[in-house]
Amino acid sequence: MSHDPPDPNALPTLAMLGATGDLGGGLARRWAAAGYTIVIGSRSREKGAGSAEDVNGQLRSLGLPPTVRGTDNLTAAREGDLVVLTVPYAFQRATLEGVREALQGKILIDCTVPLVPPKVARVQLPDEGCAANIAQQAVGPGVRVVSAFQNVGAAHLREEDAVDCDVLVTGDDPSARAEVIELIEALGMRGWHAGPLDNAAAAEALTSVLIQLNRKYGIAGAGLRITGEVTRTP
C-alpha cells in the first residue's frame with residue numbers, strides 16, 4: 001500500500017495546555033481561525049473538552065467551523081507538533097513535569113509570567129532568573145523552550161479586532177524562535193527575536209510594569225511596540 005508523502009506546507013498541530021483563561025483561549029481561537037489544528041489540554045479530559053467547546057462557541061459566532069478538540073494535558077502534549085503553555089505561574093512546573101516525556105523533541109512556547117499575588121504590579125522574578133528558565137529545567141535539554149506573549153493584553157485576544165501589540169520572543173535556539181515568530185505573524189502581530197532564554201527575564205518583568213501602567217492610567221491592557229527602522233533581516 002502506498003502512502004502520500006507528508007505535505008511540507010501543512011500547518012502544525014498546536015497543543016494548548018491551560019487554555020481556560022483569556023490568553024490561552026484567545027490564542028486558541030485566533031490560531032484556529034487562521035487554519036491551525038488546535039488541541040486544548042487540561043488537568044482532566046472533561047475540563048479540556050469544556051474549554052474546547054468554549055472556543056468552538058466563539059468560532060461559531062464568527063461563522064467559522066468548530067474545529068477545536070479538548071482532552072487532558074498529556075494527550076494534548078502528545079498530539080501537538082508544538083506545545084503552548086498558558087497556565088498560571090503556580091502551576092507551571094507541575095504541569096510541565098506531568099507532560100515532560102511527551103514534549104521531547106518538540107518546541108514548547110512558554111507564556112508564563114512569575115506574578116506573585118497580591119503584589120502583581122511589583123517585579124518578583126524567581127531565583128532561577130525567569131519563569132522560562134524554570135520551564136527549561138522542568139522539561140530538560142531535549143525540548144526547545146521559547147518564551148513569548150508575556151506582554152500581550154490577554155483580554156484583547158478575546159476581541160475580534162487585531163491586537164495592536166508586538167511580541168518579544170526569546171530562546172536559545174534561533175530556528176525555534178523563528179518558528180514561533182511565524183505563528184505570531186499568523187495572529188496578525190509582529191514578533192521580535194529578543195535573544196537567548198535568559199532574556200525572558202526582561203519580558204516577564206515588564207508585565208508587572210504594564211499592570212502598574214494599566215492601573216495608574218486606566219489603560220485597558222497596555223502593550224508593547226518596538227520603534228525604529230529595521231535595516232537588517234534577522
# chains A, B, ... in the order shown; residues from 1 in each chain; ligands from 1
$ residues_around --residues "Ser147 in chain A" --least-positions-apart "3" --cutoff "6 Å" --atoms "only C-alpha atoms" --output "VMD selection string"
chain A and resid 109 to 111 169 to 170
$ write_last_selection --atoms "N, CA, C and O atoms" --output "PDB file, in the first residue's frame"
ATOM      1  N   ILE A 109       6.326  26.569  23.737  1.00  0.00           N
ATOM      2  CA  ILE A 109       6.153  28.018  23.868  1.00  0.00           C
ATOM      3  C   ILE A 109       5.645  28.288  25.271  1.00  0.00           C
ATOM      4  O   ILE A 109       4.510  27.941  25.612  1.00  0.00           O
ATOM      5  N   ASP A 110       6.483  28.890  26.090  1.00  0.00           N
ATOM      6  CA  ASP A 110       6.128  29.159  27.477  1.00  0.00           C
ATOM      7  C   ASP A 110       5.682  30.615  27.604  1.00  0.00           C
ATOM      8  O   ASP A 110       6.436  31.533  27.288  1.00  0.00           O
ATOM      9  N   CYS A 111       4.449  30.812  28.064  1.00  0.00           N
ATOM     10  CA  CYS A 111       3.878  32.156  28.200  1.00  0.00           C
ATOM     11  C   CYS A 111       3.818  32.597  29.663  1.00  0.00           C
ATOM     12  O   CYS A 111       3.172  33.603  29.979  1.00  0.00           O
ATOM     13  N   VAL A 169      10.319  37.586  21.635  1.00  0.00           N
ATOM     14  CA  VAL A 169      10.482  36.135  21.560  1.00  0.00           C
ATOM     15  C   VAL A 169      11.913  35.789  21.944  1.00  0.00           C
ATOM     16  O   VAL A 169      12.869  36.218  21.290  1.00  0.00           O
ATOM     17  N   THR A 170      12.065  35.015  23.006  1.00  0.00           N
ATOM     18  CA  THR A 170      13.396  34.621  23.461  1.00  0.00           C
ATOM     19  C   THR A 170      13.521  33.102  23.476  1.00  0.00           C
ATOM     20  O   THR A 170      12.547  32.386  23.684  1.00  0.00           O
TER      21      THR A 170
END
$ residues_around --residues "Gly98 in chain A" --least-positions-apart "2" --cutoff "10 Å" --atoms "only C-alpha atoms" --output "compact mmCIF listing (two decimals) with N, CA, C and O atoms, in the first residue's frame"
# COMPACT_ATOMS: atom_id res chain seq x y z
N ARG A 43 -6.33 19.57 33.13
CA ARG A 43 -5.98 18.55 34.12
C ARG A 43 -6.84 17.29 33.96
O ARG A 43 -6.43 16.21 34.34
N ASN A 73 -4.05 17.07 29.56
CA ASN A 73 -2.78 17.69 29.19
C ASN A 73 -1.82 16.73 28.50
O ASN A 73 -1.17 17.09 27.50
N LEU A 74 -1.67 15.53 29.04
CA LEU A 74 -0.70 14.59 28.48
C LEU A 74 -1.07 14.19 27.06
O LEU A 74 -0.21 14.16 26.16
N ALA A 77 -0.39 17.12 24.74
CA ALA A 77 1.04 17.30 24.50
C ALA A 77 1.57 16.27 23.52
O ALA A 77 2.46 16.56 22.71
N ARG A 93 5.47 24.51 36.84
CA ARG A 93 6.40 23.38 36.95
C ARG A 93 5.67 22.04 37.00
O ARG A 93 6.05 21.09 36.30
N ALA A 94 4.63 21.94 37.82
CA ALA A 94 3.91 20.68 37.95
C ALA A 94 3.28 20.25 36.62
O ALA A 94 3.30 19.06 36.27
N THR A 95 2.74 21.21 35.89
CA THR A 95 2.13 20.88 34.60
C THR A 95 3.18 20.34 33.63
O THR A 95 2.97 19.32 32.95
N LEU A 96 4.33 20.99 33.57
CA LEU A 96 5.38 20.56 32.64
C LEU A 96 5.97 19.22 33.04
O LEU A 96 6.27 18.38 32.17
N ARG A 100 6.33 15.95 30.54
CA ARG A 100 7.73 16.03 30.10
C ARG A 100 8.06 15.05 28.99
O ARG A 100 8.67 15.41 27.98
N GLU A 101 7.67 13.79 29.14
CA GLU A 101 8.06 12.79 28.14
C GLU A 101 7.41 13.07 26.78
O GLU A 101 8.00 12.77 25.73
N ALA A 102 6.23 13.67 26.79
CA ALA A 102 5.53 13.94 25.53
C ALA A 102 6.10 15.15 24.81
O ALA A 102 5.82 15.35 23.62
N ALA A 138 12.46 22.09 33.87
CA ALA A 138 11.41 21.09 34.10
C ALA A 138 11.33 20.08 32.96
O ALA A 138 11.05 18.90 33.20
N VAL A 139 11.58 20.52 31.73
CA VAL A 139 11.39 19.62 30.58
C VAL A 139 12.69 19.01 30.09
O VAL A 139 12.69 18.02 29.36
$ closest_atom_pairs --of "range 183-220 of chain A" --to "range 155-159 of chain A" --cutoff "12 Å" --atoms "only C-alpha atoms" --output "CSV"
residue,atom,partner,partner_atom,distance
A:Leu187,CA,A:Leu157,CA,9.5
A:Gly188,CA,A:Leu157,CA,11.1
A:Met189,CA,A:Leu157,CA,11.0
A:Ile219,CA,A:His156,CA,12.0
A:Ala220,CA,A:Ala155,CA,8.5
$ write_last_selection --atoms "all heavy atoms" --output "mmCIF file, in the first residue's frame"
data_model
loop_
_atom_site.group_PDB
_atom_site.id
_atom_site.type_symbol
_atom_site.label_atom_id
_atom_site.label_comp_id
_atom_site.auth_asym_id
_atom_site.auth_seq_id
_atom_site.Cartn_x
_atom_site.Cartn_y
_atom_site.Cartn_z
ATOM 1 N N LEU A 187 -1.138 35.480 13.670
ATOM 2 C CA LEU A 187 -2.136 36.150 14.500
ATOM 3 C C LEU A 187 -2.275 37.630 14.149
ATOM 4 O O LEU A 187 -3.063 38.342 14.777
ATOM 5 C CB LEU A 187 -1.740 36.027 15.983
ATOM 6 C CG LEU A 187 -1.676 34.613 16.555
ATOM 7 C CD1 LEU A 187 -1.095 34.644 17.959
ATOM 8 C CD2 LEU A 187 -3.063 33.983 16.561
ATOM 9 N N GLY A 188 -1.488 38.097 13.183
ATOM 10 C CA GLY A 188 -1.541 39.494 12.804
ATOM 11 C C GLY A 188 -0.682 40.392 13.672
ATOM 12 O O GLY A 188 -0.794 41.624 13.595
ATOM 13 N N MET A 189 0.185 39.822 14.490
ATOM 14 C CA MET A 189 1.091 40.599 15.323
ATOM 15 C C MET A 189 2.515 40.459 14.798
ATOM 16 O O MET A 189 2.791 39.635 13.923
ATOM 17 C CB MET A 189 1.004 40.138 16.778
ATOM 18 C CG MET A 189 -0.330 40.436 17.435
ATOM 19 S SD MET A 189 -0.378 40.017 19.205
ATOM 20 C CE MET A 189 -0.575 38.233 19.103
ATOM 21 N N ILE A 219 -5.551 52.246 31.530
ATOM 22 C CA ILE A 219 -5.393 51.626 30.211
ATOM 23 C C ILE A 219 -5.985 50.219 30.249
ATOM 24 O O ILE A 219 -5.769 49.464 31.186
ATOM 25 C CB ILE A 219 -3.907 51.550 29.819
ATOM 26 C CG1 ILE A 219 -3.285 52.947 29.814
ATOM 27 C CG2 ILE A 219 -3.746 50.898 28.448
ATOM 28 C CD1 ILE A 219 -1.773 52.931 29.634
ATOM 29 N N ALA A 220 -6.728 49.881 29.223
ATOM 30 C CA ALA A 220 -7.331 48.551 29.152
ATOM 31 C C ALA A 220 -6.385 47.599 28.429
ATOM 32 O O ALA A 220 -6.583 47.257 27.262
ATOM 33 C CB ALA A 220 -8.676 48.608 28.430
#
$ residues_around --residues "Ala186 in chain A" --least-positions-apart "2" --cutoff "10 Å" --atoms "only C-alpha atoms" --output "MDAnalysis selection string"
chainID A and resid 30:31 33:36 180:184 188:190
$ write_last_selection --atoms "N, CA and C atoms" --output "PDB file, in the first residue's frame"
ATOM      1  N   ARG A  30      -7.811  32.373  17.862  1.00  0.00           N
ATOM      2  CA  ARG A  30      -7.204  33.074  16.739  1.00  0.00           C
ATOM      3  C   ARG A  30      -6.402  32.130  15.851  1.00  0.00           C
ATOM      4  N   TRP A  31      -5.676  31.182  16.452  1.00  0.00           N
ATOM      5  CA  TRP A  31      -4.942  30.225  15.610  1.00  0.00           C
ATOM      6  C   TRP A  31      -5.891  29.298  14.872  1.00  0.00           C
ATOM      7  N   ALA A  33      -8.853  30.085  13.849  1.00  0.00           N
ATOM      8  CA  ALA A  33      -9.416  30.885  12.767  1.00  0.00           C
ATOM      9  C   ALA A  33      -8.423  31.044  11.618  1.00  0.00           C
ATOM     10  N   ALA A  34      -7.128  30.955  11.948  1.00  0.00           N
ATOM     11  CA  ALA A  34      -6.088  31.061  10.915  1.00  0.00           C
ATOM     12  C   ALA A  34      -5.806  29.736  10.226  1.00  0.00           C
ATOM     13  N   GLY A  35      -6.522  28.684  10.625  1.00  0.00           N
ATOM     14  CA  GLY A  35      -6.392  27.404   9.942  1.00  0.00           C
ATOM     15  C   GLY A  35      -5.577  26.345  10.647  1.00  0.00           C
ATOM     16  N   TYR A  36      -5.081  26.642  11.847  1.00  0.00           N
ATOM     17  CA  TYR A  36      -4.294  25.661  12.588  1.00  0.00           C
ATOM     18  C   TYR A  36      -5.211  24.657  13.300  1.00  0.00           C
ATOM     19  N   VAL A 180       8.281  30.233  16.066  1.00  0.00           N
ATOM     20  CA  VAL A 180       7.302  30.894  16.929  1.00  0.00           C
ATOM     21  C   VAL A 180       6.916  32.252  16.357  1.00  0.00           C
ATOM     22  N   ILE A 181       7.868  32.968  15.790  1.00  0.00           N
ATOM     23  CA  ILE A 181       7.559  34.250  15.167  1.00  0.00           C
ATOM     24  C   ILE A 181       6.597  34.059  13.994  1.00  0.00           C
ATOM     25  N   GLU A 182       6.742  32.972  13.261  1.00  0.00           N
ATOM     26  CA  GLU A 182       5.805  32.673  12.176  1.00  0.00           C
ATOM     27  C   GLU A 182       4.389  32.491  12.723  1.00  0.00           C
ATOM     28  N   LEU A 183       4.272  31.832  13.872  1.00  0.00           N
ATOM     29  CA  LEU A 183       2.963  31.657  14.499  1.00  0.00           C
ATOM     30  C   LEU A 183       2.392  33.002  14.956  1.00  0.00           C
ATOM     31  N   ILE A 184       3.255  33.859  15.464  1.00  0.00           N
ATOM     32  CA  ILE A 184       2.816  35.186  15.905  1.00  0.00           C
ATOM     33  C   ILE A 184       2.307  36.000  14.726  1.00  0.00           C
ATOM     34  N   GLY A 188      -1.488  38.097  13.183  1.00  0.00           N
ATOM     35  CA  GLY A 188      -1.541  39.494  12.804  1.00  0.00           C
ATOM     36  C   GLY A 188      -0.682  40.392  13.672  1.00  0.00           C
ATOM     37  N   MET A 189       0.185  39.822  14.490  1.00  0.00           N
ATOM     38  CA  MET A 189       1.091  40.599  15.323  1.00  0.00           C
ATOM     39  C   MET A 189       2.515  40.459  14.798  1.00  0.00           C
ATOM     40  N   ARG A 190       3.405  41.243  15.374  1.00  0.00           N
ATOM     41  CA  ARG A 190       4.798  41.190  14.950  1.00  0.00           C
ATOM     42  C   ARG A 190       5.651  40.624  16.075  1.00  0.00           C
TER      43      ARG A 190
END
$ select_by_dssp --residues "range 17-150 of chain A" --states "strand (DSSP E or B)" --output "list in words"
Leu17, Thr37, Ile38, Val39, Ile40, Gly41, Ser42, Arg69, Gly70, Thr71, Asp72, Leu82, Val83, Val84, Leu85, Ile107, Leu108, Ile109, Asp110, Arg144, Val145, Val146 and Ser147 of chain A
$ residues_around --residues "range 18-28 of chain A" --least-positions-apart "4" --cutoff "10 Å" --atoms "only C-alpha atoms" --output "MDAnalysis selection string"
chainID A and resid 14 32:34 36:43 47:48 50:52 54:56 58 68 70 72:73 84:88 91:92 95 111 149:150 152:160 184 187
$ residues_around --residues "range 223-233 of chain A" --least-positions-apart "6" --cutoff "6 Å" --atoms "only C-alpha atoms" --output "list in words"
Asn151, Val152, Cys165 and Asp166 of chain A
$ write_last_selection --atoms "all heavy atoms" --output "PDB file, in the first residue's frame"
ATOM      1  N   ASN A 151       3.692  40.057  27.233  1.00  0.00           N
ATOM      2  CA  ASN A 151       3.314  41.472  27.242  1.00  0.00           C
ATOM      3  C   ASN A 151       2.106  41.782  26.371  1.00  0.00           C
ATOM      4  O   ASN A 151       1.850  42.943  26.045  1.00  0.00           O
ATOM      5  CB  ASN A 151       4.505  42.337  26.808  1.00  0.00           C
ATOM      6  CG  ASN A 151       5.766  42.037  27.600  1.00  0.00           C
ATOM      7  OD1 ASN A 151       6.851  41.934  27.043  1.00  0.00           O
ATOM      8  ND2 ASN A 151       5.639  41.868  28.910  1.00  0.00           N
ATOM      9  N   VAL A 152       1.342  40.761  26.026  1.00  0.00           N
ATOM     10  CA  VAL A 152       0.122  40.949  25.248  1.00  0.00           C
ATOM     11  C   VAL A 152      -1.052  41.093  26.212  1.00  0.00           C
ATOM     12  O   VAL A 152      -1.234  40.251  27.099  1.00  0.00           O
ATOM     13  CB  VAL A 152      -0.129  39.763  24.297  1.00  0.00           C
ATOM     14  CG1 VAL A 152      -1.432  39.951  23.533  1.00  0.00           C
ATOM     15  CG2 VAL A 152       1.033  39.606  23.323  1.00  0.00           C
ATOM     16  N   CYS A 165      -0.088  45.051  19.212  1.00  0.00           N
ATOM     17  CA  CYS A 165       0.983  44.746  20.164  1.00  0.00           C
ATOM     18  C   CYS A 165       2.074  43.942  19.483  1.00  0.00           C
ATOM     19  O   CYS A 165       1.793  43.070  18.654  1.00  0.00           O
ATOM     20  CB  CYS A 165       0.411  43.958  21.346  1.00  0.00           C
ATOM     21  SG  CYS A 165       1.588  43.603  22.663  1.00  0.00           S
ATOM     22  N   ASP A 166       3.326  44.227  19.822  1.00  0.00           N
ATOM     23  CA  ASP A 166       4.461  43.418  19.386  1.00  0.00           C
ATOM     24  C   ASP A 166       4.757  42.364  20.445  1.00  0.00           C
ATOM     25  O   ASP A 166       4.336  42.481  21.595  1.00  0.00           O
ATOM     26  CB  ASP A 166       5.697  44.293  19.176  1.00  0.00           C
ATOM     27  CG  ASP A 166       5.604  45.149  17.925  1.00  0.00           C
ATOM     28  OD1 ASP A 166       4.632  44.990  17.162  1.00  0.00           O
ATOM     29  OD2 ASP A 166       6.497  45.985  17.711  1.00  0.00           O
TER      30      ASP A 166
END
$ residues_around --residues "Lys106 in chain A" --least-positions-apart "5" --cutoff "8 Å" --atoms "only C-alpha atoms" --output "list in words"
Asp81, Leu82, Val83, Gly142, Val143 and Arg144 of chain A
$ write_last_selection --atoms "C-alpha atoms" --output "short mmCIF file (atom, residue, chain, number, x, y, z; two decimals), in the first residue's frame"
data_model
loop_
_atom_site.label_atom_id
_atom_site.label_comp_id
_atom_site.auth_asym_id
_atom_site.auth_seq_id
_atom_site.Cartn_x
_atom_site.Cartn_y
_atom_site.Cartn_z
CA ASP A 81 3.62 19.34 16.96
CA LEU A 82 4.24 22.46 19.06
CA VAL A 83 3.03 22.90 22.62
CA GLY A 142 15.52 17.62 24.70
CA VAL A 143 12.88 20.35 24.45
CA ARG A 144 13.45 23.70 22.76
#
$ atom_distance --atom1 "CA of Ala205 in chain A" --atom2 "CA of Glu128 in chain A"
13.5 Å
$ residues_around --residues "Ala90 in chain A" --least-positions-apart "4" --cutoff "10 Å" --atoms "only C-alpha atoms" --output "list in words"
Ala94, Thr95, Thr112, Val113, Pro114, Leu115 and Val116 of chain A
$ write_last_selection --atoms "N, CA and C atoms" --output "tab-separated table (two decimals), in the first residue's frame"
chain	number	residue	atom	x	y	z
A	94	ALA	N	4.63	21.94	37.82
A	94	ALA	CA	3.91	20.68	37.95
A	94	ALA	C	3.28	20.25	36.62
A	95	THR	N	2.74	21.21	35.89
A	95	THR	CA	2.13	20.88	34.60
A	95	THR	C	3.18	20.34	33.63
A	112	THR	N	4.48	31.87	30.54
A	112	THR	CA	4.34	32.10	31.98
A	112	THR	C	4.94	33.43	32.41
A	113	VAL	N	4.22	34.09	33.31
A	113	VAL	CA	4.73	35.30	33.96
A	113	VAL	C	4.77	35.02	35.47
A	114	PRO	N	5.90	35.24	36.11
A	114	PRO	CA	6.02	34.93	37.54
A	114	PRO	C	5.37	36.00	38.43
A	115	LEU	N	4.05	36.11	38.32
A	115	LEU	CA	3.31	37.04	39.16
A	115	LEU	C	3.04	36.40	40.52
A	116	VAL	N	3.28	37.14	41.59
A	116	VAL	CA	3.08	36.62	42.94
A	116	VAL	C	2.04	37.50	43.63
$ atom_distance --atom1 "CA of Leu108 in chain A" --atom2 "CA of Ala135 in chain A"
8.8 Å
$ select_by_dssp --residues "range 97-155 of chain A" --states "helix (DSSP H, G or I)" --output "PyMOL selection string"
chain A and resi 97-103+131-139+154-155
$ atom_distance --atom1 "CA of His193 in chain A" --atom2 "CA of Leu206 in chain A"
16.5 Å
$ decode --residues "range 68-84 of chain A" --atoms "C-alpha atoms" --output "JSON list (two decimals), in the first residue's frame"
[["chain", "number", "residue", "atom", "x", "y", "z"],
["A", 68, "VAL", "CA", -11.02, 22.71, 18.34],
["A", 69, "ARG", "CA", -10.73, 19.48, 20.34],
["A", 70, "GLY", "CA", -10.24, 19.08, 24.09],
["A", 71, "THR", "CA", -8.58, 16.40, 26.19],
["A", 72, "ASP", "CA", -6.17, 16.01, 29.12],
["A", 73, "ASN", "CA", -2.78, 17.69, 29.19],
["A", 74, "LEU", "CA", -0.70, 14.59, 28.48],
["A", 75, "THR", "CA", -2.78, 13.53, 25.48],
["A", 76, "ALA", "CA", -2.73, 17.05, 24.07],
["A", 77, "ALA", "CA", 1.04, 17.30, 24.50],
["A", 78, "ARG", "CA", 1.48, 14.01, 22.66],
["A", 79, "GLU", "CA", -0.73, 15.14, 19.76],
["A", 80, "GLY", "CA", 0.77, 18.60, 19.34],
["A", 81, "ASP", "CA", 3.62, 19.34, 16.96],
["A", 82, "LEU", "CA", 4.24, 22.46, 19.06],
["A", 83, "VAL", "CA", 3.03, 22.90, 22.62],
["A", 84, "VAL", "CA", 1.91, 26.18, 24.19]]
